[in-house]
Amino acid sequence: MLPFQAYQHAFTAHLRDPKRHDKPDGVNDQRMRIYREIVFNNFLASVRACFPVLSQLLGKRRFGKLVRACFYAQPFESPLFADIPKTFVDYLQTGTLPNVDIPAFAAQLAHYEWVELAVSRQVETHHDATISTQITTPDGLRPCVLKLPEVHRLLDYDYPVQCISKKNAHPTPEATFLLVYRTPDYQVRFIQLNVITFQLLQQFQANTTSALDHLTTLAHSLPHLPAASIIEFGLQTLHTLHQQQALCVKSPYPLLETLPL
């Protein structure tokens, strides 16, 4: 390691964890203290801005202690301030947290708060061509290929994270399914799903086929429910999601012969 590299390593190590790493020789103590405060306060501000609910629930002292522990321990791979919140989410998900009294749902709440930023910033690697004809009825979706654009996200949590607030700081564990999507004008929106709709949308991510074929497959996985009802309700649900701009509708798919219901 070259001398200037060794100096940089010692300098940054001291900034992140001054209790474990001495400052480099020849650096003024007062200036180093000011620099430590500026760097950490900028880091703290970037984190707090993305997690208003979690920071309010924990309070200034506990939240600051948790952020400082992340600042000490978590590796950083990006020089961008906008990527700092993801580092904090990753840290909470490691499970190796400091001795800070935080609720069991903290990591999931943080992920929920961060995902809006992630979806708003994500760059699409390709754009799917969609049909120009507006689908005006649920039945019109039967032969169509429906797809979740790559920037949209299906999320499942053990807590109703979207309901957590300072007034609801002790939620009961409950399986929660969400769709986070971005409209063409870059508005990020959230929709709560039931487990069946969540399962159906997962099928869209895994396979390319018509809406009717997906619903037929779903019906076969739920033999205790009337297949015709699943298909009718499913088409209505998909049509609503399409109208909300949560689903991408591609060209009609040649309807294949489906298994008997």
# chains A, B, ... in the order shown; residues from 1 in each chain; ligands from 1
$ residues_around --residues "Ala13 in chain A" --least-positions-apart "4" --cutoff "12 Å" --atoms "only C-alpha atoms" --output "VMD selection string"
chain A and resid 6 to 9 17 to 24 36 71 to 73 75
$ select_by_dssp --residues "range 70-163 of chain A" --states "alpha helix (DSSP H)" --output "PyMOL selection string"
chain A and resi 70-73+84-94+106-121
$ closest_atom_pairs --of "range 68-145 of chain A" --to "range 170-173 of chain A" --cutoff "12 Å" --atoms "only C-alpha atoms" --output "Markdown table"
| residue | atom | partner | partner_atom | distance |
| --- | --- | --- | --- | --- |
| A:Ile102 | CA | A:His170 | CA | 11.6 |
| A:Pro103 | CA | A:His170 | CA | 8.4 |
| A:Ala104 | CA | A:Pro173 | CA | 9.7 |
| A:Phe105 | CA | A:Pro173 | CA | 8.7 |
| A:Ala106 | CA | A:His170 | CA | 11.2 |
| A:Gln108 | CA | A:Pro173 | CA | 11.6 |
| A:Leu109 | CA | A:Pro171 | CA | 11.3 |
$ write_last_selection --atoms "N, CA and C atoms" --output "PDB file, in the first residue's frame"
ATOM      1  N   ILE A 102     -35.041  -1.762  20.005  1.00  0.00           N
ATOM      2  CA  ILE A 102     -35.829  -1.413  18.828  1.00  0.00           C
ATOM      3  C   ILE A 102     -36.921  -2.465  18.637  1.00  0.00           C
ATOM      4  N   PRO A 103     -38.050  -2.094  18.065  1.00  0.00           N
ATOM      5  CA  PRO A 103     -39.144  -3.053  17.865  1.00  0.00           C
ATOM      6  C   PRO A 103     -38.784  -4.126  16.848  1.00  0.00           C
ATOM      7  N   ALA A 104     -39.483  -5.254  16.943  1.00  0.00           N
ATOM      8  CA  ALA A 104     -39.193  -6.383  16.061  1.00  0.00           C
ATOM      9  C   ALA A 104     -39.464  -6.058  14.603  1.00  0.00           C
ATOM     10  N   PHE A 105     -40.335  -5.100  14.357  1.00  0.00           N
ATOM     11  CA  PHE A 105     -40.694  -4.766  12.979  1.00  0.00           C
ATOM     12  C   PHE A 105     -39.795  -3.689  12.371  1.00  0.00           C
ATOM     13  N   ALA A 106     -38.760  -3.263  13.071  1.00  0.00           N
ATOM     14  CA  ALA A 106     -37.956  -2.118  12.623  1.00  0.00           C
ATOM     15  C   ALA A 106     -37.366  -2.327  11.232  1.00  0.00           C
ATOM     16  N   GLN A 108     -38.365  -4.290   8.790  1.00  0.00           N
ATOM     17  CA  GLN A 108     -39.393  -4.314   7.746  1.00  0.00           C
ATOM     18  C   GLN A 108     -39.991  -2.932   7.531  1.00  0.00           C
ATOM     19  N   LEU A 109     -40.184  -2.170   8.595  1.00  0.00           N
ATOM     20  CA  LEU A 109     -40.676  -0.803   8.450  1.00  0.00           C
ATOM     21  C   LEU A 109     -39.670   0.041   7.671  1.00  0.00           C
TER      22      LEU A 109
END
$ closest_atom_pairs --of "range 122-221 of chain A" --to "range 238-243 of chain A" --cutoff "8 Å" --atoms "only C-alpha atoms" --output "CSV"
residue,atom,partner,partner_atom,distance
A:Ile135,CA,A:His239,CA,7.9
A:Thr137,CA,A:His239,CA,7.1
A:Pro138,CA,A:His239,CA,5.2
A:Leu141,CA,A:His239,CA,7.2
$ residues_around --residues "range 244-247 of chain A" --least-positions-apart "3" --cutoff "12 Å" --atoms "only C-alpha atoms" --output "PyMOL selection string"
chain A and resi 128+130+134-135+141+144-154+178-191+201+204-205+211+237-241+250
$ closest_residue --among "A:Leu54, A:Ala82, A:Leu155, A:Leu15" --to "Val39 in chain A" --atoms "only C-alpha atoms"
A:Leu15
$ atom_distance --atom1 "CA of Asp213 in chain A" --atom2 "CA of Asp139 in chain A"
13.1 Å
$ residues_around --residues "Leu117 in chain A" --least-positions-apart "2" --cutoff "10 Å" --atoms "only C-alpha atoms" --output "ChimeraX atom specification"
/A:50,82-83,85-86,112-115,119-122,188
$ residues_around --residues "Ala228 in chain A" --least-positions-apart "5" --cutoff "10 Å" --atoms "only C-alpha atoms" --output "PyMOL selection string"
chain A and resi 215-216+219+233-234+261
$ closest_residue --among "A:Asn99, A:Thr87, A:Gln74, A:Ser210" --to "Ser46 in chain A" --atoms "only C-alpha atoms"
A:Thr87
$ atom_distance --atom1 "CA of Pro3 in chain A" --atom2 "CA of Ile34 in chain A"
24.5 Å
$ closest_atom_pairs --of "range 99-192 of chain A" --to "range 55-67 of chain A" --cutoff "8 Å" --atoms "only C-alpha atoms" --output "tab-separated table"
residue	atom	partner	partner_atom	distance
A:Val100	CA	A:Arg62	CA	6.7
A:Asp101	CA	A:Arg62	CA	7.6
A:Ile102	CA	A:Leu58	CA	7.1
A:Ser165	CA	A:Leu57	CA	7.3
A:Lys166	CA	A:Leu57	CA	5.7
A:Ala169	CA	A:Leu57	CA	7.0
$ write_last_selection --atoms "all heavy atoms" --output "short mmCIF file (atom, residue, chain, number, x, y, z; two decimals), in the first residue's frame"
data_model
loop_
_atom_site.label_atom_id
_atom_site.label_comp_id
_atom_site.auth_asym_id
_atom_site.auth_seq_id
_atom_site.Cartn_x
_atom_site.Cartn_y
_atom_site.Cartn_z
N VAL A 100 -29.46 -1.77 21.27
CA VAL A 100 -30.44 -0.70 21.18
C VAL A 100 -31.82 -1.33 21.21
O VAL A 100 -32.08 -2.30 20.49
CB VAL A 100 -30.27 0.13 19.89
CG1 VAL A 100 -31.30 1.24 19.83
CG2 VAL A 100 -28.86 0.70 19.80
N ASP A 101 -32.68 -0.81 22.06
CA ASP A 101 -34.03 -1.35 22.17
C ASP A 101 -34.87 -0.88 20.98
O ASP A 101 -35.34 0.26 20.95
CB ASP A 101 -34.66 -0.87 23.49
CG ASP A 101 -36.08 -1.40 23.66
OD1 ASP A 101 -36.39 -2.43 23.06
OD2 ASP A 101 -36.86 -0.76 24.40
N ILE A 102 -35.04 -1.76 20.01
CA ILE A 102 -35.83 -1.41 18.83
C ILE A 102 -36.92 -2.46 18.64
O ILE A 102 -36.75 -3.62 19.02
CB ILE A 102 -34.96 -1.31 17.56
CG1 ILE A 102 -34.28 -2.64 17.25
CG2 ILE A 102 -33.95 -0.20 17.69
CD1 ILE A 102 -33.52 -2.64 15.94
N SER A 165 -47.39 3.88 12.95
CA SER A 165 -47.18 5.31 13.18
C SER A 165 -46.92 5.50 14.67
O SER A 165 -46.94 4.53 15.45
CB SER A 165 -48.40 6.12 12.75
OG SER A 165 -49.51 5.80 13.57
N LYS A 166 -46.72 6.73 15.07
CA LYS A 166 -46.49 6.99 16.49
C LYS A 166 -47.74 6.62 17.30
O LYS A 166 -47.65 6.18 18.45
CB LYS A 166 -46.13 8.45 16.70
CG LYS A 166 -45.56 8.72 18.09
CD LYS A 166 -44.95 10.11 18.18
CE LYS A 166 -44.29 10.30 19.56
NZ LYS A 166 -43.66 11.65 19.66
N ALA A 169 -47.94 2.27 17.42
CA ALA A 169 -46.54 1.86 17.57
C ALA A 169 -46.38 0.41 17.99
O ALA A 169 -45.25 -0.07 18.10
CB ALA A 169 -45.84 2.77 18.57
#
$ closest_residue --among "A:Cys70, A:Phe40, A:Asn168, A:Phe81" --to "Gly95 in chain A" --atoms "only C-alpha atoms"
A:Cys70
$ decode --residues "range 159-174 of chain A" --atoms "all heavy atoms" --output "PDB file, in the first residue's frame"
ATOM      1  N   TYR A 159     -45.677  -7.720   9.291  1.00  0.00           N
ATOM      2  CA  TYR A 159     -46.422  -6.699  10.028  1.00  0.00           C
ATOM      3  C   TYR A 159     -47.110  -5.765   9.023  1.00  0.00           C
ATOM      4  O   TYR A 159     -46.618  -5.577   7.902  1.00  0.00           O
ATOM      5  CB  TYR A 159     -45.490  -5.860  10.911  1.00  0.00           C
ATOM      6  CG  TYR A 159     -44.875  -6.609  12.061  1.00  0.00           C
ATOM      7  CD1 TYR A 159     -43.691  -7.332  11.895  1.00  0.00           C
ATOM      8  CD2 TYR A 159     -45.472  -6.599  13.329  1.00  0.00           C
ATOM      9  CE1 TYR A 159     -43.125  -8.025  12.952  1.00  0.00           C
ATOM     10  CE2 TYR A 159     -44.907  -7.290  14.390  1.00  0.00           C
ATOM     11  CZ  TYR A 159     -43.734  -8.002  14.200  1.00  0.00           C
ATOM     12  OH  TYR A 159     -43.176  -8.690  15.247  1.00  0.00           O
ATOM     13  N   PRO A 160     -48.219  -5.140   9.426  1.00  0.00           N
ATOM     14  CA  PRO A 160     -48.876  -4.155   8.557  1.00  0.00           C
ATOM     15  C   PRO A 160     -48.094  -2.843   8.574  1.00  0.00           C
ATOM     16  O   PRO A 160     -48.512  -1.849   9.178  1.00  0.00           O
ATOM     17  CB  PRO A 160     -50.268  -4.014   9.179  1.00  0.00           C
ATOM     18  CG  PRO A 160     -50.060  -4.301  10.631  1.00  0.00           C
ATOM     19  CD  PRO A 160     -48.971  -5.357  10.685  1.00  0.00           C
ATOM     20  N   VAL A 161     -46.961  -2.839   7.909  1.00  0.00           N
ATOM     21  CA  VAL A 161     -46.023  -1.715   7.999  1.00  0.00           C
ATOM     22  C   VAL A 161     -46.647  -0.396   7.539  1.00  0.00           C
ATOM     23  O   VAL A 161     -46.272   0.679   8.015  1.00  0.00           O
ATOM     24  CB  VAL A 161     -44.739  -2.007   7.190  1.00  0.00           C
ATOM     25  CG1 VAL A 161     -43.903  -3.071   7.873  1.00  0.00           C
ATOM     26  CG2 VAL A 161     -45.089  -2.427   5.760  1.00  0.00           C
ATOM     27  N   GLN A 162     -47.598  -0.479   6.610  1.00  0.00           N
ATOM     28  CA  GLN A 162     -48.212   0.741   6.086  1.00  0.00           C
ATOM     29  C   GLN A 162     -49.106   1.420   7.105  1.00  0.00           C
ATOM     30  O   GLN A 162     -49.495   2.581   6.917  1.00  0.00           O
ATOM     31  CB  GLN A 162     -49.012   0.427   4.804  1.00  0.00           C
ATOM     32  CG  GLN A 162     -50.350  -0.253   5.028  1.00  0.00           C
ATOM     33  CD  GLN A 162     -50.233  -1.758   5.270  1.00  0.00           C
ATOM     34  OE1 GLN A 162     -49.152  -2.279   5.499  1.00  0.00           O
ATOM     35  NE2 GLN A 162     -51.343  -2.448   5.213  1.00  0.00           N
ATOM     36  N   CYS A 163     -49.427   0.724   8.207  1.00  0.00           N
ATOM     37  CA  CYS A 163     -50.300   1.280   9.244  1.00  0.00           C
ATOM     38  C   CYS A 163     -49.530   1.748  10.480  1.00  0.00           C
ATOM     39  O   CYS A 163     -50.124   2.307  11.402  1.00  0.00           O
ATOM     40  CB  CYS A 163     -51.338   0.240   9.663  1.00  0.00           C
ATOM     41  SG  CYS A 163     -52.422  -0.311   8.330  1.00  0.00           S
ATOM     42  N   ILE A 164     -48.223   1.496  10.525  1.00  0.00           N
ATOM     43  CA  ILE A 164     -47.437   1.829  11.705  1.00  0.00           C
ATOM     44  C   ILE A 164     -47.209   3.339  11.771  1.00  0.00           C
ATOM     45  O   ILE A 164     -46.879   3.981  10.777  1.00  0.00           O
ATOM     46  CB  ILE A 164     -46.097   1.076  11.696  1.00  0.00           C
ATOM     47  CG1 ILE A 164     -46.342  -0.438  11.740  1.00  0.00           C
ATOM     48  CG2 ILE A 164     -45.223   1.504  12.875  1.00  0.00           C
ATOM     49  CD1 ILE A 164     -45.085  -1.267  11.607  1.00  0.00           C
ATOM     50  N   SER A 165     -47.388   3.879  12.945  1.00  0.00           N
ATOM     51  CA  SER A 165     -47.178   5.311  13.179  1.00  0.00           C
ATOM     52  C   SER A 165     -46.924   5.496  14.670  1.00  0.00           C
ATOM     53  O   SER A 165     -46.940   4.529  15.450  1.00  0.00           O
ATOM     54  CB  SER A 165     -48.402   6.119  12.751  1.00  0.00           C
ATOM     55  OG  SER A 165     -49.514   5.802  13.571  1.00  0.00           O
ATOM     56  N   LYS A 166     -46.717   6.726  15.069  1.00  0.00           N
ATOM     57  CA  LYS A 166     -46.495   6.986  16.490  1.00  0.00           C
ATOM     58  C   LYS A 166     -47.735   6.624  17.300  1.00  0.00           C
ATOM     59  O   LYS A 166     -47.646   6.183  18.446  1.00  0.00           O
ATOM     60  CB  LYS A 166     -46.129   8.451  16.702  1.00  0.00           C
ATOM     61  CG  LYS A 166     -45.557   8.725  18.089  1.00  0.00           C
ATOM     62  CD  LYS A 166     -44.954  10.109  18.183  1.00  0.00           C
ATOM     63  CE  LYS A 166     -44.290  10.304  19.560  1.00  0.00           C
ATOM     64  NZ  LYS A 166     -43.659  11.650  19.658  1.00  0.00           N
ATOM     65  N   LYS A 167     -48.925   6.789  16.697  1.00  0.00           N
ATOM     66  CA  LYS A 167     -50.172   6.430  17.377  1.00  0.00           C
ATOM     67  C   LYS A 167     -50.444   4.927  17.320  1.00  0.00           C
ATOM     68  O   LYS A 167     -51.224   4.410  18.108  1.00  0.00           O
ATOM     69  CB  LYS A 167     -51.342   7.195  16.751  1.00  0.00           C
ATOM     70  CG  LYS A 167     -51.290   8.700  16.991  1.00  0.00           C
ATOM     71  CD  LYS A 167     -52.511   9.378  16.389  1.00  0.00           C
ATOM     72  CE  LYS A 167     -52.481  10.879  16.659  1.00  0.00           C
ATOM     73  NZ  LYS A 167     -53.662  11.581  16.059  1.00  0.00           N
ATOM     74  N   ASN A 168     -49.818   4.251  16.384  1.00  0.00           N
ATOM     75  CA  ASN A 168     -49.966   2.796  16.247  1.00  0.00           C
ATOM     76  C   ASN A 168     -48.575   2.174  16.267  1.00  0.00           C
ATOM     77  O   ASN A 168     -48.096   1.634  15.280  1.00  0.00           O
ATOM     78  CB  ASN A 168     -50.687   2.460  14.945  1.00  0.00           C
ATOM     79  CG  ASN A 168     -50.919   0.961  14.784  1.00  0.00           C
ATOM     80  OD1 ASN A 168     -51.059   0.229  15.761  1.00  0.00           O
ATOM     81  ND2 ASN A 168     -50.952   0.507  13.537  1.00  0.00           N
ATOM     82  N   ALA A 169     -47.944   2.273  17.422  1.00  0.00           N
ATOM     83  CA  ALA A 169     -46.545   1.865  17.566  1.00  0.00           C
ATOM     84  C   ALA A 169     -46.379   0.411  17.993  1.00  0.00           C
ATOM     85  O   ALA A 169     -45.246  -0.068  18.102  1.00  0.00           O
ATOM     86  CB  ALA A 169     -45.840   2.769  18.574  1.00  0.00           C
ATOM     87  N   HIS A 170     -47.489  -0.286  18.236  1.00  0.00           N
ATOM     88  CA  HIS A 170     -47.413  -1.687  18.689  1.00  0.00           C
ATOM     89  C   HIS A 170     -48.354  -2.547  17.858  1.00  0.00           C
ATOM     90  O   HIS A 170     -49.330  -3.108  18.383  1.00  0.00           O
ATOM     91  CB  HIS A 170     -47.745  -1.779  20.174  1.00  0.00           C
ATOM     92  CG  HIS A 170     -46.886  -0.916  21.049  1.00  0.00           C
ATOM     93  ND1 HIS A 170     -45.584  -1.227  21.356  1.00  0.00           N
ATOM     94  CD2 HIS A 170     -47.148   0.281  21.638  1.00  0.00           C
ATOM     95  CE1 HIS A 170     -45.075  -0.281  22.123  1.00  0.00           C
ATOM     96  NE2 HIS A 170     -46.002   0.648  22.314  1.00  0.00           N
ATOM     97  N   PRO A 171     -48.082  -2.686  16.563  1.00  0.00           N
ATOM     98  CA  PRO A 171     -48.986  -3.446  15.705  1.00  0.00           C
ATOM     99  C   PRO A 171     -48.918  -4.939  15.995  1.00  0.00           C
ATOM    100  O   PRO A 171     -47.878  -5.471  16.392  1.00  0.00           O
ATOM    101  CB  PRO A 171     -48.471  -3.138  14.300  1.00  0.00           C
ATOM    102  CG  PRO A 171     -47.006  -2.902  14.510  1.00  0.00           C
ATOM    103  CD  PRO A 171     -46.911  -2.184  15.828  1.00  0.00           C
ATOM    104  N   THR A 172     -50.031  -5.619  15.782  1.00  0.00           N
ATOM    105  CA  THR A 172     -50.071  -7.074  15.896  1.00  0.00           C
ATOM    106  C   THR A 172     -49.488  -7.685  14.631  1.00  0.00           C
ATOM    107  O   THR A 172     -49.800  -7.226  13.533  1.00  0.00           O
ATOM    108  CB  THR A 172     -51.523  -7.548  16.068  1.00  0.00           C
ATOM    109  OG1 THR A 172     -52.077  -6.944  17.231  1.00  0.00           O
ATOM    110  CG2 THR A 172     -51.586  -9.061  16.204  1.00  0.00           C
ATOM    111  N   PRO A 173     -48.633  -8.694  14.764  1.00  0.00           N
ATOM    112  CA  PRO A 173     -48.091  -9.337  13.559  1.00  0.00           C
ATOM    113  C   PRO A 173     -49.218  -9.807  12.637  1.00  0.00           C
ATOM    114  O   PRO A 173     -50.206 -10.376  13.084  1.00  0.00           O
ATOM    115  CB  PRO A 173     -47.291 -10.518  14.116  1.00  0.00           C
ATOM    116  CG  PRO A 173     -46.908 -10.095  15.498  1.00  0.00           C
ATOM    117  CD  PRO A 173     -48.072  -9.290  15.997  1.00  0.00           C
ATOM    118  N   GLU A 174     -49.052  -9.545  11.362  1.00  0.00           N
ATOM    119  CA  GLU A 174     -50.075  -9.893  10.370  1.00  0.00           C
ATOM    120  C   GLU A 174     -49.424  -9.957   8.997  1.00  0.00           C
ATOM    121  O   GLU A 174     -48.722  -9.032   8.596  1.00  0.00           O
ATOM    122  CB  GLU A 174     -51.186  -8.840  10.376  1.00  0.00           C
ATOM    123  CG  GLU A 174     -52.249  -9.049   9.320  1.00  0.00           C
ATOM    124  CD  GLU A 174     -53.227  -7.895   9.274  1.00  0.00           C
ATOM    125  OE1 GLU A 174     -53.325  -7.124  10.255  1.00  0.00           O
ATOM    126  OE2 GLU A 174     -53.891  -7.744   8.232  1.00  0.00           O
TER     127      GLU A 174
END
